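Visitor: Supplied structure: query35.pdb, PDB, C-alpha atoms.
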ATOM      1  CA  GLN S   1     -49.172  63.667 -81.117  1.00  0.00           C
ATOM      2  CA  VAL S   2     -49.586  60.381 -79.294  1.00  0.00           C
ATOM      3  CA  GLN S   3     -52.462  60.226 -76.827  1.00  0.00           C
ATOM      4  CA  LEU S   4     -53.199  57.349 -74.473  1.00  0.00           C
ATOM      5  CA  VAL S   5     -56.432  57.281 -72.496  1.00  0.00           C
ATOM      6  CA  GLU S   6     -57.030  54.606 -69.868  1.00  0.00           C
ATOM      7  CA  SER S   7     -60.399  53.454 -68.556  1.00  0.00           C
ATOM      8  CA  GLY S   8     -61.902  50.569 -66.636  1.00  0.00           C
ATOM      9  CA  GLY S   9     -60.480  51.060 -63.168  1.00  0.00           C
ATOM     10  CA  GLY S  10     -62.593  50.797 -60.038  1.00  0.00           C
ATOM     11  CA  LEU S  11     -63.181  49.083 -56.727  1.00  0.00           C
ATOM     12  CA  VAL S  12     -63.309  45.289 -56.628  1.00  0.00           C
ATOM     13  CA  GLN S  13     -63.166  42.632 -53.935  1.00  0.00           C
ATOM     14  CA  ALA S  14     -60.205  40.312 -53.625  1.00  0.00           C
ATOM     15  CA  GLY S  15     -60.543  37.434 -56.071  1.00  0.00           C
ATOM     16  CA  GLY S  16     -62.490  39.555 -58.517  1.00  0.00           C
ATOM     17  CA  SER S  17     -61.677  40.744 -62.028  1.00  0.00           C
ATOM     18  CA  LEU S  18     -61.337  43.997 -63.937  1.00  0.00           C
ATOM     19  CA  ARG S  19     -60.466  44.829 -67.529  1.00  0.00           C
ATOM     20  CA  LEU S  20     -58.532  47.999 -68.231  1.00  0.00           C
ATOM     21  CA  SER S  21     -58.560  49.629 -71.651  1.00  0.00           C
ATOM     22  CA  CYS S  22     -56.094  52.043 -73.240  1.00  0.00           C
ATOM     23  CA  ALA S  23     -57.296  53.939 -76.299  1.00  0.00           C
ATOM     24  CA  ALA S  24     -54.296  55.013 -78.361  1.00  0.00           C
ATOM     25  CA  SER S  25     -54.337  57.734 -81.016  1.00  0.00           C
ATOM     26  CA  GLY S  26     -52.137  60.188 -82.850  1.00  0.00           C
ATOM     27  CA  ARG S  27     -50.160  57.853 -85.102  1.00  0.00           C
ATOM     28  CA  THR S  28     -49.791  54.266 -86.199  1.00  0.00           C
ATOM     29  CA  PHE S  29     -48.135  52.074 -83.608  1.00  0.00           C
ATOM     30  CA  SER S  30     -46.270  49.652 -85.830  1.00  0.00           C
ATOM     31  CA  ARG S  31     -42.901  48.739 -84.264  1.00  0.00           C
ATOM     32  CA  TYR S  32     -44.076  50.023 -80.883  1.00  0.00           C
ATOM     33  CA  ALA S  33     -44.365  48.127 -77.636  1.00  0.00           C
ATOM     34  CA  MET S  34     -47.363  49.030 -75.497  1.00  0.00           C
ATOM     35  CA  GLY S  35     -47.091  48.516 -71.770  1.00  0.00           C
ATOM     36  CA  TRP S  36     -48.937  48.706 -68.498  1.00  0.00           C
ATOM     37  CA  PHE S  37     -47.286  49.990 -65.334  1.00  0.00           C
ATOM     38  CA  ARG S  38     -48.677  50.579 -61.856  1.00  0.00           C
ATOM     39  CA  GLN S  39     -47.827  52.855 -58.957  1.00  0.00           C
ATOM     40  CA  GLY S  40     -49.018  52.350 -55.413  1.00  0.00           C
ATOM     41  CA  PRO S  41     -48.981  55.083 -52.744  1.00  0.00           C
ATOM     42  CA  GLY S  42     -45.411  56.024 -51.924  1.00  0.00           C
ATOM     43  CA  LYS S  43     -44.007  53.472 -54.334  1.00  0.00           C
ATOM     44  CA  ASP S  44     -42.141  53.504 -57.625  1.00  0.00           C
ATOM     45  CA  ARG S  45     -43.881  53.019 -60.945  1.00  0.00           C
ATOM     46  CA  ASP S  46     -43.517  49.295 -61.591  1.00  0.00           C
ATOM     47  CA  PHE S  47     -43.723  47.269 -64.790  1.00  0.00           C
ATOM     48  CA  VAL S  48     -46.784  45.029 -65.171  1.00  0.00           C
ATOM     49  CA  ALA S  49     -46.912  43.791 -68.780  1.00  0.00           C
ATOM     50  CA  SER S  50     -46.000  44.708 -72.326  1.00  0.00           C
ATOM     51  CA  ILE S  51     -47.083  43.657 -75.819  1.00  0.00           C
ATOM     52  CA  SER S  52     -45.613  44.065 -79.285  1.00  0.00           C
ATOM     53  CA  TRP S  53     -48.078  45.977 -81.420  1.00  0.00           C
ATOM     54  CA  ASP S  54     -47.073  44.090 -84.556  1.00  0.00           C
ATOM     55  CA  SER S  55     -46.577  40.499 -83.426  1.00  0.00           C
ATOM     56  CA  GLY S  56     -48.657  40.386 -80.262  1.00  0.00           C
ATOM     57  CA  SER S  57     -45.847  38.787 -78.283  1.00  0.00           C
ATOM     58  CA  THR S  58     -46.040  39.557 -74.577  1.00  0.00           C
ATOM     59  CA  THR S  59     -44.068  39.698 -71.362  1.00  0.00           C
ATOM     60  CA  TYR S  60     -45.223  39.979 -67.741  1.00  0.00           C
ATOM     61  CA  ALA S  61     -43.927  40.840 -64.317  1.00  0.00           C
ATOM     62  CA  ALA S  62     -43.571  37.758 -62.141  1.00  0.00           C
ATOM     63  CA  SER S  63     -46.105  39.126 -59.650  1.00  0.00           C
ATOM     64  CA  VAL S  64     -48.943  39.103 -62.211  1.00  0.00           C
ATOM     65  CA  LYS S  65     -48.009  36.234 -64.527  1.00  0.00           C
ATOM     66  CA  GLY S  66     -50.858  33.752 -64.753  1.00  0.00           C
ATOM     67  CA  ARG S  67     -53.405  36.257 -63.416  1.00  0.00           C
ATOM     68  CA  PHE S  68     -53.174  39.174 -65.863  1.00  0.00           C
ATOM     69  CA  THR S  69     -53.392  39.113 -69.658  1.00  0.00           C
ATOM     70  CA  ILE S  70     -52.361  41.927 -71.986  1.00  0.00           C
ATOM     71  CA  SER S  71     -53.819  42.114 -75.483  1.00  0.00           C
ATOM     72  CA  ARG S  72     -54.368  44.601 -78.267  1.00  0.00           C
ATOM     73  CA  ASP S  73     -56.991  45.239 -80.932  1.00  0.00           C
ATOM     74  CA  LYS S  74     -55.330  46.810 -83.951  1.00  0.00           C
ATOM     75  CA  ALA S  75     -58.633  47.793 -85.574  1.00  0.00           C
ATOM     76  CA  LEU S  76     -59.690  49.720 -82.472  1.00  0.00           C
ATOM     77  CA  ASN S  77     -56.192  50.983 -81.617  1.00  0.00           C
ATOM     78  CA  THR S  78     -56.777  49.751 -78.090  1.00  0.00           C
ATOM     79  CA  VAL S  79     -54.677  47.843 -75.578  1.00  0.00           C
ATOM     80  CA  TYR S  80     -56.300  45.830 -72.800  1.00  0.00           C
ATOM     81  CA  LEU S  81     -55.236  44.456 -69.450  1.00  0.00           C
ATOM     82  CA  GLN S  82     -57.470  41.675 -68.174  1.00  0.00           C
ATOM     83  CA  MET S  83     -56.876  41.274 -64.441  1.00  0.00           C
ATOM     84  CA  ASN S  84     -58.163  38.154 -62.699  1.00  0.00           C
ATOM     85  CA  SER S  85     -57.760  36.811 -59.150  1.00  0.00           C
ATOM     86  CA  LEU S  86     -57.063  40.303 -57.926  1.00  0.00           C
ATOM     87  CA  LYS S  87     -55.297  40.790 -54.594  1.00  0.00           C
ATOM     88  CA  PRO S  88     -55.188  43.799 -52.240  1.00  0.00           C
ATOM     89  CA  GLU S  89     -51.538  44.279 -53.191  1.00  0.00           C
ATOM     90  CA  ASP S  90     -52.647  44.944 -56.784  1.00  0.00           C
ATOM     91  CA  THR S  91     -54.133  48.236 -55.569  1.00  0.00           C
ATOM     92  CA  ALA S  92     -52.480  51.065 -57.517  1.00  0.00           C
ATOM     93  CA  VAL S  93     -52.905  53.640 -60.244  1.00  0.00           C
ATOM     94  CA  TYR S  94     -52.440  51.797 -63.537  1.00  0.00           C
ATOM     95  CA  TYR S  95     -50.801  53.577 -66.452  1.00  0.00           C
ATOM     96  CA  CYS S  96     -50.707  52.745 -70.145  1.00  0.00           C
ATOM     97  CA  ALA S  97     -47.448  53.562 -71.929  1.00  0.00           C
ATOM     98  CA  ALA S  98     -45.943  53.399 -75.412  1.00  0.00           C
ATOM     99  CA  ASP S  99     -42.351  52.643 -76.359  1.00  0.00           C
ATOM    100  CA  PRO S 100     -41.439  53.737 -79.896  1.00  0.00           C
ATOM    101  CA  ASP S 101     -37.927  52.290 -79.606  1.00  0.00           C
ATOM    102  CA  TYR S 102     -39.034  48.705 -78.984  1.00  0.00           C
ATOM    103  CA  CYS S 103     -37.235  47.593 -82.139  1.00  0.00           C
ATOM    104  CA  SER S 104     -33.844  48.601 -83.462  1.00  0.00           C
ATOM    105  CA  GLY S 105     -33.605  47.191 -86.954  1.00  0.00           C
ATOM    106  CA  ASN S 106     -34.691  43.571 -86.662  1.00  0.00           C
ATOM    107  CA  LEU S 107     -33.856  43.328 -82.981  1.00  0.00           C
ATOM    108  CA  CYS S 108     -36.785  43.922 -80.622  1.00  0.00           C
ATOM    109  CA  SER S 109     -36.552  43.974 -76.847  1.00  0.00           C
ATOM    110  CA  PHE S 110     -39.244  44.715 -74.267  1.00  0.00           C
ATOM    111  CA  GLY S 111     -38.519  47.510 -71.835  1.00  0.00           C
ATOM    112  CA  ARG S 112     -39.393  46.885 -68.190  1.00  0.00           C
ATOM    113  CA  VAL S 113     -38.417  50.275 -66.834  1.00  0.00           C
ATOM    114  CA  ALA S 114     -40.637  53.339 -66.981  1.00  0.00           C
ATOM    115  CA  ARG S 115     -37.942  55.582 -68.504  1.00  0.00           C
ATOM    116  CA  GLU S 116     -37.896  53.391 -71.610  1.00  0.00           C
ATOM    117  CA  TYR S 117     -41.451  54.454 -72.484  1.00  0.00           C
ATOM    118  CA  ASP S 118     -41.944  57.863 -74.107  1.00  0.00           C
ATOM    119  CA  TYR S 119     -45.708  58.287 -73.936  1.00  0.00           C
ATOM    120  CA  TRP S 120     -48.062  57.901 -70.968  1.00  0.00           C
ATOM    121  CA  GLY S 121     -51.726  58.040 -70.162  1.00  0.00           C
ATOM    122  CA  GLN S 122     -53.220  59.816 -67.170  1.00  0.00           C
ATOM    123  CA  GLY S 123     -53.752  56.633 -65.171  1.00  0.00           C
ATOM    124  CA  THR S 124     -56.759  54.818 -63.768  1.00  0.00           C
ATOM    125  CA  GLN S 125     -57.224  53.812 -60.123  1.00  0.00           C
ATOM    126  CA  VAL S 126     -57.655  50.154 -59.214  1.00  0.00           C
ATOM    127  CA  THR S 127     -58.570  49.372 -55.611  1.00  0.00           C
ATOM    128  CA  VAL S 128     -58.850  45.794 -54.360  1.00  0.00           C
ATOM    129  CA  SER S 129     -60.525  45.341 -50.999  1.00  0.00           C
ATOM    130  CA  SER S 130     -59.795  42.395 -48.728  1.00  0.00           C
TER     131      SER S 130
END
What is this file in structure tokens?
Guide:
Amino acid sequence: QVQLVESGGGLVQAGGSLRLSCAASGRTFSRYAMGWFRQGPGKDRDFVASISWDSGSTTYAASVKGRFTISRDKALNTVYLQMNSLKPEDTAVYYCAADPDYCSGNLCSFGRVAREYDYWGQGTQVTVSS
């Protein structure tokens, strides 16, 4: 079965950087989209970024565009989220997720809602102090 394991969270000062990793296992991820979501205290789980496993094309939430970069290493079966210029409002638990239905035939479309992703990691805490 699919397993996603996040790491790399921690405490950082505003303006600092962190890199999250998501180790994926259990199958090949061709035709999947891999995403990052985050959930702050008392808030919904919000979309952050997503990447096509095959092509490497990406999409971002407006709130992180230009500061965060999603990438994947096929050889290591790992997805990364490089977070720069961090702000206190980026504080949240960050989750890695996998969407096996990213493509239908030759039509591929990124999901930006949590229910579109079937597999989830356990989450990693990111805290940004002001």
Visitor: Give as a list in words the residues that the PyMOL selection byres ((chain S and resi 98) around 6) matches when applied to the coordinates above.
Guide: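 Evaluating the PyMOL selection byres ((chain S and resi 98) around 6) on this file yields Ala33, Met34, Ala97, Asp99, Tyr117 and Tyr119 of chain S.
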Visitor: Set the distance at 7 Å and use all atoms listed in the file: which residues neighbour range 10-25 of chain S once local chain neighbours fewer than 4 positions away are removed? I'd like the list as a PyMOL selection string.
Guide: chain S and resi 2-6+77-88+96+125-130
Visitor: Residues as selected, C-alpha atoms, written as an mmCIF file, keeping the file's coordinate frame, can you do that?
Guide:
data_model
loop_
_atom_site.group_PDB
_atom_site.id
_atom_site.type_symbol
_atom_site.label_atom_id
_atom_site.label_comp_id
_atom_site.auth_asym_id
_atom_site.auth_seq_id
_atom_site.Cartn_x
_atom_site.Cartn_y
_atom_site.Cartn_z
ATOM 1 C CA VAL S 2 -49.586 60.381 -79.294
ATOM 2 C CA GLN S 3 -52.462 60.226 -76.827
ATOM 3 C CA LEU S 4 -53.199 57.349 -74.473
ATOM 4 C CA VAL S 5 -56.432 57.281 -72.496
ATOM 5 C CA GLU S 6 -57.030 54.606 -69.868
ATOM 6 C CA ASN S 77 -56.192 50.983 -81.617
ATOM 7 C CA THR S 78 -56.777 49.751 -78.090
ATOM 8 C CA VAL S 79 -54.677 47.843 -75.578
ATOM 9 C CA TYR S 80 -56.300 45.830 -72.800
ATOM 10 C CA LEU S 81 -55.236 44.456 -69.450
ATOM 11 C CA GLN S 82 -57.470 41.675 -68.174
ATOM 12 C CA MET S 83 -56.876 41.274 -64.441
ATOM 13 C CA ASN S 84 -58.163 38.154 -62.699
ATOM 14 C CA SER S 85 -57.760 36.811 -59.150
ATOM 15 C CA LEU S 86 -57.063 40.303 -57.926
ATOM 16 C CA LYS S 87 -55.297 40.790 -54.594
ATOM 17 C CA PRO S 88 -55.188 43.799 -52.240
ATOM 18 C CA CYS S 96 -50.707 52.745 -70.145
ATOM 19 C CA GLN S 125 -57.224 53.812 -60.123
ATOM 20 C CA VAL S 126 -57.655 50.154 -59.214
ATOM 21 C CA THR S 127 -58.570 49.372 -55.611
ATOM 22 C CA VAL S 128 -58.850 45.794 -54.360
ATOM 23 C CA SER S 129 -60.525 45.341 -50.999
ATOM 24 C CA SER S 130 -59.795 42.395 -48.728
#
Visitor: With all atoms listed in the file as the atoms that count, which of S:Ser30, S:Ser104, S:Ser71, S:Ser7 lies nearest to Ser50 in chain S?
Guide: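 Among the listed residues, S:Ser71 lies closest to Ser50 in chain S.
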Visitor: By how many Å are CA of Lys43 in chain S and CA of Thr91 in chain S apart?
Guide: 11.5 Å
Visitor: Could you jot down the CA of Gly35 in chain S to CA of Glu89 in chain S separation for me, Å, one decimal place?
Guide: 19.6 Å
Visitor: Name the residues that the PyMOL selection byres ((chain S and resi 54-60) around 9) pulls out of this structure, and write them as a PyMOL selection string.
Guide: chain S and resi 29-33+47-53+61-66+68-72+74+110
Visitor: Quick one: what's the axis-aligned box for range 58-76 of chain S, all listed atoms, 3 Å on every side, centre and edges in Å to one decimal, as AutoDock Vina command-line options?
Guide:
--center_x -51.6 --center_y 41.7 --center_z -72.6 --size_x 22.1 --size_y 22.0 --size_z 31.9
Visitor: Between CA of Gln39 in chain S and CA of Tyr102 in chain S, measure the distance and give it in Å to one decimal.
Guide: 22.3 Å
Visitor: What do you get, as number ranges by chain, if you spell out every residue that the PyMOL selection byres ((chain S and resi 37) around 6) selects here?
Guide: S: 36, 38, 46-48, 94-95
Visitor: Of the candidates S:Ala92, S:Cys103, S:Cys108, S:Ala75, which one gets nearest to Thr124 in chain S if we count all atoms listed in the file?
Guide: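 Smallest distance to Thr124 in chain S is found for S:Ala92.
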Visitor: Go through S:Ala114, S:Leu107, S:Gly121, S:Gln1 one by one, measure the shortest atom-to-atom distance of each to Thr28 in chain S using all atoms listed in the file, and give the residue with the smallest value.
Guide: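 Under the stated criterion, the closest residue is S:Gln1.
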Visitor: When distances are computed from only C-alpha atoms, which of S:Arg67, S:Gly42, S:Arg27, S:Arg115 shows the smallest separation from Asp90 in chain S?
Guide: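 Closest residue, counting only C-alpha atoms: S:Arg67.
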